[in-house]
Every structure is written in structure tokens, then in C-alpha cells.
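Report on the structure given below.
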Amino acid sequence: MTGNDTLPLLRPRQPLGPRLFRIGMTVVIIVPTLWGALGLDVSLDRILGAPADVWAIARRLAEPDLGAEAIQRALPKVMESFFIAWIGTIIGAAISFPLAFLAAKNISSRAVSNTTRQILNAIRAVPELLVAMVLIPVTGLGAWTGTLALGIHSIGTLGKLSSEVIEGIDPGPVEAIAAVGGGRLARMRFAVVPQVMPNILAYWLYRFEINIRASAVLGVVGAGGIGLELISQLRFRDYARAGTVLFLTVVAVLAVDTLSARVRRRIISGHREPGPIAAFAAAGWLQRGIMLTGAVATVALMVFLAIQLQVDVPAIR
Amino acid sequence: MTTAGPETLTRPTPPLKTRSLVVPFVVAATALVAGGFTGHLAGGALWGAIGAAGLIAALRIARITVTPIEMAVLAGGLMASTVLATRVVPDTPDRIDVLLCLGFASAWIPAAAVTTAVALRRGATASGAVNGFVLWMGGAMVAIPAGSTFDVIHPVEGLRRGQEAVFGSGDYAVMALAVAMFGMGAFLGLTAKLPLLTSMSILTFMTIYAGAQVGFTIPGLIENVSSITKVPNLLPPDFKWAIGDGDWWWVGSWEFGSATRANPIIETTRIAIIATFVGCLLSLPIAFLASTMTAPNRISYVVDKGFINLVRTVPDLFWAMIFVTSVGAGAFAGTLALIFFSLAIMAKLLSETVDAVDPGPLEAARATGARHFPAVRAAVLPQVLPNFVAYALYTFEINIRASVVLGVVGAGGVGQVLEAQRAFFRFDRVLAVVIIIFVFVFIIEQVSIALRRRLV
């Protein structure tokens, strides 16, 4: 017999629904992309030439001017960005904290929580830079405008994240406090806040990391910080100086990120992490090498910056 | 039964809480600051004596017992430091520089050394002792810049204005504030094993310092509240100009106010869409290389992770500036910047998801003899695809918000209109455009959030 006559393996046809979904999704993705690409009026040689152009600039930016004068110009501005981010985060945290309770569905009534939620959404929709632009005619050019802009935007994001944390609490403690006759405030204070505080604190720190980047940019519209320095150096085609700004910004952001990530881990996990010395003693040889290199590099960088700042500076302000 | 009388019931001392340490800390810090006002008397010895008295009173209030020897050592160390501090700072410093700050910091080494030694004797860990010492030094390091920021010390400016530029008692008091907030906080936190107190005092000081730098002070706030009278500059928003003759939202070639260039809002949308598409496509391989689960080898993992972190460290608008400088102003630069930025965000989110996938299918695929990348494609990709779509929509939201500001640095989109009007000080027009942008972003965001909820 010809029992070995195997039928050609046929894939069963997929049912119509998923196929239509697939085709639909493809159209939904491809059509807007084509629409977008066709309207931007970018020629092929520009796309092909872009890597070379970017490389040419990147190479010059990678050789920052680390002379005393350049550091003295840029470092105080980086510090200003840092301070703007710090105060902006504090403003955002302080105002968003009560708002988060109002926006949480399990705490407030439906009407209140929906209204607060929409207000927070609305605040979030305006980027910091636009808030700063609108504020400039009112509060003037300077760091204070940037701080307010960051603070306002942070209210929106922090309020949303915190209210989501509050919505995720275990209702047991709240009921327990209510059962012993605790009022509304007592329930918040002793049942809700202890549960949500670690997560909310971690979000505040996370927002601080984001705000550092945002405040670095704010200077572009004159709202204080390092941004103005970068854009003016790039406009003057002084790439070495622009490289200084980028270098210092990256260092500051990395430092804040590393520290804040460590603190956040500690807050969320709730137990003490080994200190630097204990961690060093516990690490393997490779990790010890990395830690040692990092520590030496950090100290060397700080000493270097201190030396550069020391030369001919009237006041650290 | 004969019993030797009831034993006196001693209540066990309750463990210290951070809250109960606040008063002692305030006492210690206040004493050091108040002592600062006597900084120029008796060569600073009086300052040290007052500070030491405050510190010992604080320990007493916190019910931390110290032996007389420890007490003497603490007082001696503090007095040595204050005497040195008044010696190090010249009467008329002609400038405030790092050397002066370093000198001032090293004056506090005796105080830091004795407090650290006492803390160690009372069971502080080695790491804690190092931290405590470093904090003393850090507080002393920022003391002089802080004093100058709080507008108490102005040697150079003071000389120029004909004021007396001698370091006075008030200057020592302000510098003592910095030292106390770091050093006293560290010492009390260490001896009571409550690091929260130290962190709180440092954070409070940092906030005061940062606030003074950016104008978040009480006089600054009053001044800024009064600036509310300048709000009429913005009003009314010039919608008439912004909307033009009413056909603004469907005509392709229209600019706010004139019909010369592409509609900036449409251009913004185009930039965001393309950047999301290309960024998401490129992020796939990069995300797979950045997860230990799917990276083919360690080197590519480290290189890729470093790349992602580097891109994420630089703010998005900085990328836009770099691209504007290298490929010229316009939407192309903005698109490249956003591609770069969304690629990093996507890769980070996606690689974290890949880290958490079920390794079973991957092992199964490997067991059939599949090579690395086909195995990843068949076993891991389907698992992360729903998250990929959700992240793509999220990235699109971020890109829309980022693309409206790109124009501020000349990278295309609606921000260019804003920048132009800002340069002409037409803030009423700026406000009108910002409101239009707000409505536009708000609608897109709500649609995207609704879609994400459906998909995942």
C-alpha cells in the first residue's frame, strides 16, 4: 500500500477574527507611520548623511574643555539645576500628598475623587517647559520660575502615582481603626499612611531623579539652570565648552540616580542594607575592583573639580 | 515564707524613637548656633564651651548616659574645633574659595574624631562611624558657601559696597548651623542608632540651602506672591491669532497666524509617530541584549546596558540640541532625538520585562537544538509582546509630550511657534498656543490610556 504517502503538511487556517485583528492592527500602525514619514519631507541623502554629521559633532563634544574657567562657569549652573529639582520635588510632594488622598477612590467619595483625578490629569498634560514659559511673564526669568514649573508638574505625576498606591492598600487596618472608634483622620493617620508611606517616598525620590533631568533643560527658556549654558555654547559653536556642560550634567545625573536608587531599594525592602565597608568586605574580587575604581574615580573627580574651582573664583555662588 | 521584701520594680527604659530625639537634637544644634554669636570672644573657646554644654544637655534629655571621661573628651574636642575654626577663617577673607572651605572643614576634625570615637564605644558600626565622620566634614565643607548663600557673609561684595567685611559673630553662627545640622545630627543618630534623625536633619538643611539658592525663602515668597499682579500680562490669551480663520485643524499647510509652513501641530504628531515606530522597532534587539536571560554573552550585555544608561542619563532636550547642531534645525533633528530617547525608554522597560519571563519555553527551545536568536524569537518574544504594545503606547504618550517642546530648541513642531512668540514677548499668544497644546495632548493621552487598558 502507499501508506507512506504523506499528505503535505497544511497549516490550519486561522479563524477569521484574529486574522482580521492582525490586518487591522497592521493597517493602524502602518498608515499613520507612512502619513508621518511622507509629511516630514526628509530626503534620503539627509538620512544617509545623518550618522556622519552626528559623529562629527559627537567627536568634538567628547573632548570637553575641563579648564578652570569652563568648570567655574558650568558647575554653579549644574548646582542650580540640582537645587531647582530639589525644591521643585518638595513643592510637588507637599501639595500632591493631600491631593492623592482626595483622588483615591477608596478614601474619597466618587465625585471628589473623579474631580481631583481629572485635575491631576490636566496638570500632567502640560510639559514643565511650557509651564515655565507661561510663568515667565509673571515670576520673571530665573531659578524661581523653573522651580515653580517643576513643582506644578510634579503635583500631577506624584498625585496620580500616590493615589494609585493608596488605592492598593489592605483595607483591614482601616476597618480595625474604625472598629475601635477612630475618626476619619485617625484612620488616615494610623491605617493608611503607615501602609503607603514607603512606596510614596520611593515615588518622591523617583520624581527627584526625573526632575534633575527636567531642570537641566529648563534653562533653555531662561528658567534657571544649566540648559541656557548648553544652548548658548552650541549656538556659538563652542563644542568643547558644550562638552563640559554635558559632562557635568551626566556626572550629576548619574550621581543622583545611583544614590536615589540605593535609598529607594532600602525604603521599599524595609531592612538595612550593608554599609559601604561591609558591602566591600562581602563582595567578590571583581566587584571589589569595580567598587574601588568607582570610589577612586569619585574622589579624584571631586578633588579635580575643587582644584578647578579654587583658581581665581571670587565666590562660590 | 520569708521573703526579702518586694524587689523594687524598675521599668525597663523604652527604646528610643526618632521623635523623642528631636528635642535633644534641637537643643544641641541651638547651643552650637547660639555659641557662634560668641565666636570672636575668647578665641572661640566660649563657642566650644556653649556647644559642648548643649550637646551634653541633649544626651541627658535623650537619657543617653555618658561617663565623665567621655563628657570631657566631647567638650574638649568641640572646643578645640571651634578655636581652630576661628583661627582658620581670616578676619577679612578677600574671597570664598575651596581652600577656605577645606581649611574650615579641617578645623572640625577634632570634634568629628571625638564624637565618632564616643559613638563607636557606644556600639556604632564601622560603616556608621565612617559616615558620621564624613558628615561632620561635609557639614563644615558647605558651611561657608551656605553662609554666603544665606546672604550673611559677603566679603568681596561687602568690601565693594564699603561695608565692613570682617568675619563677625553672626557669620560663625550661620556656619555653625551647617555644622550642627550635619555633625550633631550624625552624632545623636549614631549613639541612639537612629539614622533617620541624621537623614532628616541633613535633608532639612539641604532644603533650606537649596531654597535660599532658588529664591524659595520667606522674603522671596512674599515678593513672588506680589508678582501675581503681573498675571494680566498673559491675559487674555490671543486665541484669535492662534486659530486664524478657523480652518486650522485640518489644513496641512498652516502655521499659527500665517500659512507658510506645515501645520505645527500636525508636524508634532508626525514626529511623535515616526519616533515611536522607529524607536520601538530598534528597541527590540537592544532590549534583548540588555537582559541576562537573552543576551548571547556578557560583553554584549554590559556594552548594551551601558549604552541604554548613557542615553537615558542625558535629558531629551539635550539630545535635541545635539541633533539640531549636527543635522540642522527642523523636524528631522527632532525626530532623531526622539527616536534615540524613546529607544532607551523602551529598551529599559522591555529588558526588565524580559528579565521576568518564564524561562521554561526558552529552555525547551534550546533543548530542540535551536540556535540562540531563533530560540529567543520563538520562546521569549511571544511572552513579552503584550507588554511591548503597552509600552509602545506609553512611549507614544511621552513622545507627544516631548515633541511639543522640541521646537523650543529649533527641532521642529509646535514648540517653534512658542519660541518665536516668546522672543517677541507676546505672552498672550504663548498662553493661547499652550492651551491648544494642552487640549491636544490631553485628548491623545486619554485615548492612549483607554487603549492600553483594553490591550493589557
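Chain identifiers are assigned as A, B, and so on, following the order in which chains appear in the C-alpha cells; residues are numbered from 1 within each chain, and ligands are numbered from 1 in order of appearance.
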
Legend entry - Distance query Gly43 in chain B at most 12 Å, only C-alpha atoms, self and fewer than 6 positions along chain excluded, as an MDAnalysis selection string: chainID B and resid 36 49 79:89 169

Could you save those same residues with N, CA and C atoms as a CSV table (one decimal), in the first residue's frame?
chain,number,residue,atom,x,y,z
B,36,GLY,N,27.9,80.4,68.4
B,36,GLY,CA,28.5,81.0,67.3
B,36,GLY,C,28.5,82.5,67.4
B,49,ALA,N,32.6,75.9,74.4
B,49,ALA,CA,32.0,75.5,75.7
B,49,ALA,C,30.5,75.5,75.6
B,79,MET,N,35.6,72.2,71.7
B,79,MET,CA,36.3,73.5,72.0
B,79,MET,C,37.5,73.6,71.1
B,80,ALA,N,38.3,72.5,70.9
B,80,ALA,CA,39.4,72.5,70.0
B,80,ALA,C,39.0,72.9,68.6
B,81,SER,N,37.9,72.3,68.2
B,81,SER,CA,37.4,72.6,66.8
B,81,SER,C,37.0,74.1,66.7
B,82,THR,N,36.2,74.6,67.6
B,82,THR,CA,35.8,76.0,67.5
B,82,THR,C,36.9,76.9,67.5
B,83,VAL,N,37.9,76.7,68.4
B,83,VAL,CA,39.1,77.5,68.4
B,83,VAL,C,39.8,77.5,67.1
B,84,LEU,N,40.0,76.3,66.5
B,84,LEU,CA,40.6,76.2,65.2
B,84,LEU,C,39.8,76.9,64.2
B,85,ALA,N,38.5,76.7,64.2
B,85,ALA,CA,37.6,77.3,63.2
B,85,ALA,C,37.8,78.8,63.1
B,86,THR,N,37.8,79.5,64.3
B,86,THR,CA,38.0,80.9,64.3
B,86,THR,C,39.4,81.3,63.9
B,87,ARG,N,40.4,80.4,64.1
B,87,ARG,CA,41.8,80.7,63.7
B,87,ARG,C,41.9,80.6,62.1
B,88,VAL,N,41.2,79.6,61.6
B,88,VAL,CA,41.4,79.3,60.1
B,88,VAL,C,40.8,80.4,59.3
B,89,VAL,N,39.6,80.9,59.7
B,89,VAL,CA,39.0,81.9,58.9
B,89,VAL,C,39.7,83.3,59.2
B,169,SER,N,30.4,87.7,64.5
B,169,SER,CA,29.8,86.6,65.3
B,169,SER,C,28.6,86.0,64.5

Compute the set of chain A residues within 7 Å of chain B, using only C-alpha atoms, and express it as a compact mmCIF listing (two decimals) with C-alpha atoms, in the first residue's frame.
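Contents of the output file part-v2.txt:
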# COMPACT_ATOMS: atom_id res chain seq x y z
CA THR A 33 3.60 55.93 10.08
CA GLY A 36 4.01 60.82 9.28
CA ALA A 37 7.02 59.91 7.18
CA LEU A 40 8.22 65.33 7.23
CA VAL A 42 13.22 64.38 4.64
CA ALA A 50 22.99 61.93 9.33
CA ASP A 53 27.09 64.57 10.76
CA VAL A 54 26.22 63.35 14.22
CA ILE A 57 29.70 66.71 16.38
CA PHE A 83 18.59 72.92 43.76
CA ILE A 84 15.71 73.66 41.40
CA ILE A 87 12.80 72.37 45.82
CA ALA A 122 -4.81 68.06 33.33
CA ALA A 125 -0.66 67.02 30.30
CA VAL A 126 1.34 70.27 30.21
CA PRO A 127 5.12 69.69 29.98
CA LEU A 129 8.87 73.64 29.85
CA LEU A 130 5.52 75.02 28.76
CA VAL A 134 3.70 80.65 30.79
CA PRO A 137 5.96 86.92 32.41
CA VAL A 138 4.54 86.51 35.92
CA THR A 139 7.53 85.48 38.04
CA ALA A 143 15.53 79.85 39.07
CA TRP A 144 12.32 80.52 40.94
CA ARG A 213 16.83 65.92 34.04
CA ALA A 214 13.90 68.28 33.58
CA VAL A 217 16.51 71.51 30.35
CA ILE A 231 22.26 76.01 24.14
CA LEU A 234 26.15 75.11 20.96
CA VAL A 250 25.90 63.41 33.09
CA VAL A 253 22.51 62.84 36.94
CA LEU A 254 24.45 59.61 37.42
CA GLY A 275 27.08 49.96 54.59
CA PRO A 276 29.89 50.65 52.14
CA ILE A 277 32.57 48.97 54.24
CA ALA A 306 37.70 71.51 43.79
CA LEU A 309 37.04 75.91 41.34
CA GLN A 310 39.79 77.20 43.60
CA VAL A 313 36.99 82.37 41.83
CA PRO A 314 35.62 85.33 43.75
CA ALA A 315 32.78 83.43 45.44
CA ILE A 316 31.04 80.13 45.06
CA ARG A 317 27.64 81.45 44.16

Inset, instruction - Compile the contact shell of range 159-171 of chain A as a PyMOL selection string: residues with an atom at most 8 Å away, counting only C-alpha atoms, same-chain residues fewer than 2 positions apart removed. - result: chain A and resi 96-97+99-101+103-107+117+120-121+154-157+173-175+192+195-196+199-200+203

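Using only C-alpha atoms, the protein and nucleic acid residues lying no more than 6 Å from range 337-342 of chain B, apart from those fewer than 4 places from it along its own chain, are Ala275, Gly279, Trp319, Ala320 and Met346 of chain B.
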
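For the pair CA of Pro15 in chain B and CA of Ala192 in chain B, the interatomic distance is 9.1 Å.
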
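Each of B:Val23, B:Leu455, B:Ala75, B:Leu362 was checked against Ala62 in chain B using only C-alpha atoms; the smallest atom-to-atom distance is that of B:Val23.
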
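The shortest atom-to-atom distance to Ile268 in chain A, with only C-alpha atoms taken into account, belongs to A:Pro198 out of A:Gly243, A:Gly227, A:Gly140, A:Pro198.
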
Inset, instruction - Excluding Ala52 in chain B and any residue of its chain fewer than 6 positions from it, enumerate the residues within 9 Å of it, using only C-alpha atoms, and give them as a PyMOL selection string. - result: chain B and resi 28+31-32+71+74-79

May I have the selected residues written with N, CA and C atoms, as a PDB file, in the first residue's frame?
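Just written: again-v7.pdb:
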ATOM      1  N   ALA B  28      20.901  70.651  71.080  1.00  0.00           N
ATOM      2  CA  ALA B  28      22.329  70.624  70.735  1.00  0.00           C
ATOM      3  C   ALA B  28      22.633  71.608  69.619  1.00  0.00           C
ATOM      4  N   ALA B  31      22.379  75.245  70.733  1.00  0.00           N
ATOM      5  CA  ALA B  31      23.512  75.675  71.554  1.00  0.00           C
ATOM      6  C   ALA B  31      24.712  76.003  70.684  1.00  0.00           C
ATOM      7  N   LEU B  32      24.969  75.169  69.682  1.00  0.00           N
ATOM      8  CA  LEU B  32      26.139  75.431  68.842  1.00  0.00           C
ATOM      9  C   LEU B  32      25.953  76.715  68.044  1.00  0.00           C
ATOM     10  N   MET B  71      32.405  62.746  78.589  1.00  0.00           N
ATOM     11  CA  MET B  71      31.916  64.121  78.603  1.00  0.00           C
ATOM     12  C   MET B  71      33.053  65.094  78.381  1.00  0.00           C
ATOM     13  N   LEU B  74      34.340  64.933  74.807  1.00  0.00           N
ATOM     14  CA  LEU B  74      33.446  65.614  73.871  1.00  0.00           C
ATOM     15  C   LEU B  74      33.626  67.127  73.951  1.00  0.00           C
ATOM     16  N   ALA B  75      33.651  67.639  75.192  1.00  0.00           N
ATOM     17  CA  ALA B  75      33.783  69.082  75.363  1.00  0.00           C
ATOM     18  C   ALA B  75      35.120  69.555  74.815  1.00  0.00           C
ATOM     19  N   GLY B  76      36.177  68.795  75.138  1.00  0.00           N
ATOM     20  CA  GLY B  76      37.500  69.195  74.667  1.00  0.00           C
ATOM     21  C   GLY B  76      37.562  69.209  73.145  1.00  0.00           C
ATOM     22  N   GLY B  77      37.023  68.183  72.515  1.00  0.00           N
ATOM     23  CA  GLY B  77      37.067  68.117  71.054  1.00  0.00           C
ATOM     24  C   GLY B  77      36.323  69.273  70.427  1.00  0.00           C
ATOM     25  N   LEU B  78      35.137  69.559  70.955  1.00  0.00           N
ATOM     26  CA  LEU B  78      34.348  70.644  70.381  1.00  0.00           C
ATOM     27  C   LEU B  78      35.065  71.977  70.536  1.00  0.00           C
ATOM     28  N   MET B  79      35.648  72.186  71.743  1.00  0.00           N
ATOM     29  CA  MET B  79      36.319  73.461  71.957  1.00  0.00           C
ATOM     30  C   MET B  79      37.533  73.582  71.051  1.00  0.00           C
TER      31      MET B  79
END

Inset, instruction - Take CA of Ile449 in chain B and CA of Phe21 in chain A and report the distance between them in Å, one decimal. - result: 19.7 Å

Legend entry - Which of A:Leu44, A:Ile23, A:Ala223, A:Ala297 sits closest to Leu141 in chain A [using only C-alpha atoms]: A:Ala223
